[in-house]
Amino acid sequence: MNRLVLVAGVLVASVACGIGDAGFTAGAGTEGGYISGAPALALSVEEIWLAEVGDGQTVSDDLLVRNDGDADLKLYSASVIDDGGGAFYADEQEGSDVTLAPGDEVEVTVVCTMSGDARVDGVLRLDSNDPTRPTLDVPLICSPIGWVEDTGA
């Protein structure tokens with residue numbers, strides 16, 4: 001298995017909590033599925049939500065990226081395009097030029113250190129040769145222990 005490591009050093013808030021055993025999803029915007037004879041990027045989750053992290057605690061979790069297509073998937077990059085005010089960091093060397101044969105997967109490890117009591121949001125961008133989704137954005141969410149979403153009610 002290939003391994004891709006992302007690191008997030010959080011100044012305001014950050015991570016924990018497993019992504020669970022969710023099934024793979026083709027992600028937003030697939031509407032209609034895959035193209036025969038082409039690569040197809042699939043994710044174990046549609047967002048990375050790391051929650052219930054104690055102040056000063058460092059935790060990690062994994063996102064699996066898999067090729068569900070019929071041809072090699074070239075993952076050109078996995079980079080943080082919105083770092084949540086400096087909360088997220090991606091190791092560009094690990095996230096560039098990874099080739100996945102059909103059925104192969106790469107593990108993306110997210111690491112954060114909690115420092116504060118506010119939720120932090122960011123975006124991880126995956127660029128590949130998937131013809132239906134060459135660019136796929138994955139929301140990144142980090143929240144501290146006891147954080148409750150304000151629903152406006």
# chains A, B, ... in the order shown; residues from 1 in each chain; ligands from 1

$ closest_atom_pairs --of "region 51-125 of chain A" --to "region 133-137 of chain A" --cutoff "12 Å" --atoms "only C-alpha atoms" --output "JSON lines"
{"residue": "A:Val65", "atom": "CA", "partner": "A:Leu136", "partner_atom": "CA", "distance": 11.3}
{"residue": "A:Leu73", "atom": "CA", "partner": "A:Pro134", "partner_atom": "CA", "distance": 10.3}
{"residue": "A:Lys74", "atom": "CA", "partner": "A:Pro134", "partner_atom": "CA", "distance": 9.9}
{"residue": "A:Leu75", "atom": "CA", "partner": "A:Pro134", "partner_atom": "CA", "distance": 9.3}
{"residue": "A:Tyr76", "atom": "CA", "partner": "A:Pro134", "partner_atom": "CA", "distance": 9.7}
{"residue": "A:Ser77", "atom": "CA", "partner": "A:Thr135", "partner_atom": "CA", "distance": 9.7}
{"residue": "A:Ala78", "atom": "CA", "partner": "A:Asp137", "partner_atom": "CA", "distance": 9.5}
{"residue": "A:Ser79", "atom": "CA", "partner": "A:Asp137", "partner_atom": "CA", "distance": 9.6}
{"residue": "A:Val80", "atom": "CA", "partner": "A:Asp137", "partner_atom": "CA", "distance": 9.3}
{"residue": "A:Ile81", "atom": "CA", "partner": "A:Asp137", "partner_atom": "CA", "distance": 8.9}
{"residue": "A:Asp82", "atom": "CA", "partner": "A:Asp137", "partner_atom": "CA", "distance": 10.2}
{"residue": "A:Gly122", "atom": "CA", "partner": "A:Asp137", "partner_atom": "CA", "distance": 9.9}
{"residue": "A:Val123", "atom": "CA", "partner": "A:Asp137", "partner_atom": "CA", "distance": 6.3}
{"residue": "A:Leu124", "atom": "CA", "partner": "A:Asp137", "partner_atom": "CA", "distance": 5.7}
{"residue": "A:Arg125", "atom": "CA", "partner": "A:Asp137", "partner_atom": "CA", "distance": 4.5}

$ write_last_selection --atoms "N, CA and C atoms" --output "PDB file, in the first residue's frame"
ATOM      1  N   VAL A  65      -7.534   6.811  -0.575  1.00  0.00           N
ATOM      2  CA  VAL A  65      -7.826   7.214  -1.946  1.00  0.00           C
ATOM      3  C   VAL A  65      -7.586   5.977  -2.802  1.00  0.00           C
ATOM      4  N   LEU A  73      -4.454   5.371 -12.330  1.00  0.00           N
ATOM      5  CA  LEU A  73      -4.807   6.694 -11.825  1.00  0.00           C
ATOM      6  C   LEU A  73      -3.525   7.391 -11.419  1.00  0.00           C
ATOM      7  N   LYS A  74      -3.302   8.567 -11.943  1.00  0.00           N
ATOM      8  CA  LYS A  74      -2.136   9.372 -11.595  1.00  0.00           C
ATOM      9  C   LYS A  74      -2.606  10.455 -10.631  1.00  0.00           C
ATOM     10  N   LEU A  75      -2.169  10.372  -9.364  1.00  0.00           N
ATOM     11  CA  LEU A  75      -2.466  11.404  -8.380  1.00  0.00           C
ATOM     12  C   LEU A  75      -1.325  12.407  -8.451  1.00  0.00           C
ATOM     13  N   TYR A  76      -1.585  13.530  -9.140  1.00  0.00           N
ATOM     14  CA  TYR A  76      -0.548  14.532  -9.351  1.00  0.00           C
ATOM     15  C   TYR A  76      -0.178  15.244  -8.061  1.00  0.00           C
ATOM     16  N   SER A  77      -1.195  15.542  -7.239  1.00  0.00           N
ATOM     17  CA  SER A  77      -0.914  16.231  -5.976  1.00  0.00           C
ATOM     18  C   SER A  77      -2.068  16.073  -5.005  1.00  0.00           C
ATOM     19  N   ALA A  78      -1.727  16.191  -3.731  1.00  0.00           N
ATOM     20  CA  ALA A  78      -2.699  16.274  -2.644  1.00  0.00           C
ATOM     21  C   ALA A  78      -2.201  17.442  -1.809  1.00  0.00           C
ATOM     22  N   SER A  79      -2.861  18.578  -1.938  1.00  0.00           N
ATOM     23  CA  SER A  79      -2.357  19.777  -1.269  1.00  0.00           C
ATOM     24  C   SER A  79      -3.486  20.535  -0.587  1.00  0.00           C
ATOM     25  N   VAL A  80      -3.137  21.195   0.490  1.00  0.00           N
ATOM     26  CA  VAL A  80      -4.100  22.012   1.220  1.00  0.00           C
ATOM     27  C   VAL A  80      -4.186  23.367   0.524  1.00  0.00           C
ATOM     28  N   ILE A  81      -5.379  23.677  -0.011  1.00  0.00           N
ATOM     29  CA  ILE A  81      -5.558  24.956  -0.701  1.00  0.00           C
ATOM     30  C   ILE A  81      -6.190  26.000   0.202  1.00  0.00           C
ATOM     31  N   ASP A  82      -6.798  25.568   1.298  1.00  0.00           N
ATOM     32  CA  ASP A  82      -7.294  26.467   2.339  1.00  0.00           C
ATOM     33  C   ASP A  82      -6.782  25.883   3.647  1.00  0.00           C
ATOM     34  N   GLY A 122     -10.815  23.746   6.542  1.00  0.00           N
ATOM     35  CA  GLY A 122      -9.853  23.877   5.457  1.00  0.00           C
ATOM     36  C   GLY A 122     -10.295  23.034   4.283  1.00  0.00           C
ATOM     37  N   VAL A 123      -9.439  22.968   3.251  1.00  0.00           N
ATOM     38  CA  VAL A 123      -9.742  22.186   2.058  1.00  0.00           C
ATOM     39  C   VAL A 123      -8.484  21.493   1.564  1.00  0.00           C
ATOM     40  N   LEU A 124      -8.597  20.186   1.344  1.00  0.00           N
ATOM     41  CA  LEU A 124      -7.558  19.382   0.722  1.00  0.00           C
ATOM     42  C   LEU A 124      -7.945  19.190  -0.733  1.00  0.00           C
ATOM     43  N   ARG A 125      -7.066  19.512  -1.665  1.00  0.00           N
ATOM     44  CA  ARG A 125      -7.349  19.340  -3.090  1.00  0.00           C
ATOM     45  C   ARG A 125      -6.535  18.178  -3.640  1.00  0.00           C
TER      46      ARG A 125
END

$ atom_distance --atom1 "CA of Leu43 (chain A)" --atom2 "CA of Ala118 (chain A)"
27.1 Å

$ closest_residue --among "A:Ser128, A:Ser60, A:Ser143, A:Thr151" --to "Asp97 (chain A)" --atoms "only C-alpha atoms"
A:Ser128

$ residues_around --residues "Ala71 (chain A)" --least-positions-apart "4" --cutoff "12 Å" --atoms "only C-alpha atoms" --output "list in words"
Tyr34, Ile35, Ser36, Gly37, Ala38, Pro39, Ala40, Leu41, Asn67, Thr99, Leu100, Ala101, Pro102, Gly103, Asp104, Asn129, Asp130 and Pro131 of chain A

$ write_last_selection --atoms "C-alpha atoms" --output "mmCIF file, in the first residue's frame"
data_model
loop_
_atom_site.group_PDB
_atom_site.id
_atom_site.type_symbol
_atom_site.label_atom_id
_atom_site.label_comp_id
_atom_site.auth_asym_id
_atom_site.auth_seq_id
_atom_site.Cartn_x
_atom_site.Cartn_y
_atom_site.Cartn_z
ATOM 1 C CA TYR A 34 -17.190 6.132 -14.454
ATOM 2 C CA ILE A 35 -15.873 6.106 -17.979
ATOM 3 C CA SER A 36 -14.963 2.620 -19.222
ATOM 4 C CA GLY A 37 -11.220 2.206 -19.791
ATOM 5 C CA ALA A 38 -10.360 5.238 -17.636
ATOM 6 C CA PRO A 39 -9.118 5.794 -14.074
ATOM 7 C CA ALA A 40 -11.660 6.667 -11.369
ATOM 8 C CA LEU A 41 -10.723 8.314 -8.071
ATOM 9 C CA ASN A 67 -8.558 3.809 -8.092
ATOM 10 C CA THR A 99 0.391 6.142 -9.672
ATOM 11 C CA LEU A 100 -2.364 3.735 -8.625
ATOM 12 C CA ALA A 101 -3.196 0.672 -10.713
ATOM 13 C CA PRO A 102 -6.887 -0.307 -10.855
ATOM 14 C CA GLY A 103 -7.951 -1.393 -7.355
ATOM 15 C CA ASP A 104 -4.856 0.094 -5.643
ATOM 16 C CA ASN A 129 -6.060 12.211 -14.324
ATOM 17 C CA ASP A 130 -9.615 11.070 -13.460
ATOM 18 C CA PRO A 131 -11.538 12.287 -16.546
#

$ atom_distance --atom1 "CA of Glu149 (chain A)" --atom2 "CA of Ala87 (chain A)"
19.1 Å

$ residues_around --residues "Asp121 (chain A)" --least-positions-apart "6" --cutoff "6 Å" --atoms "only C-alpha atoms" --output "MDAnalysis selection string"
chainID A and resid 84 140:141

$ atom_distance --atom1 "CA of Glu52 (chain A)" --atom2 "CA of Arg66 (chain A)"
27.7 Å
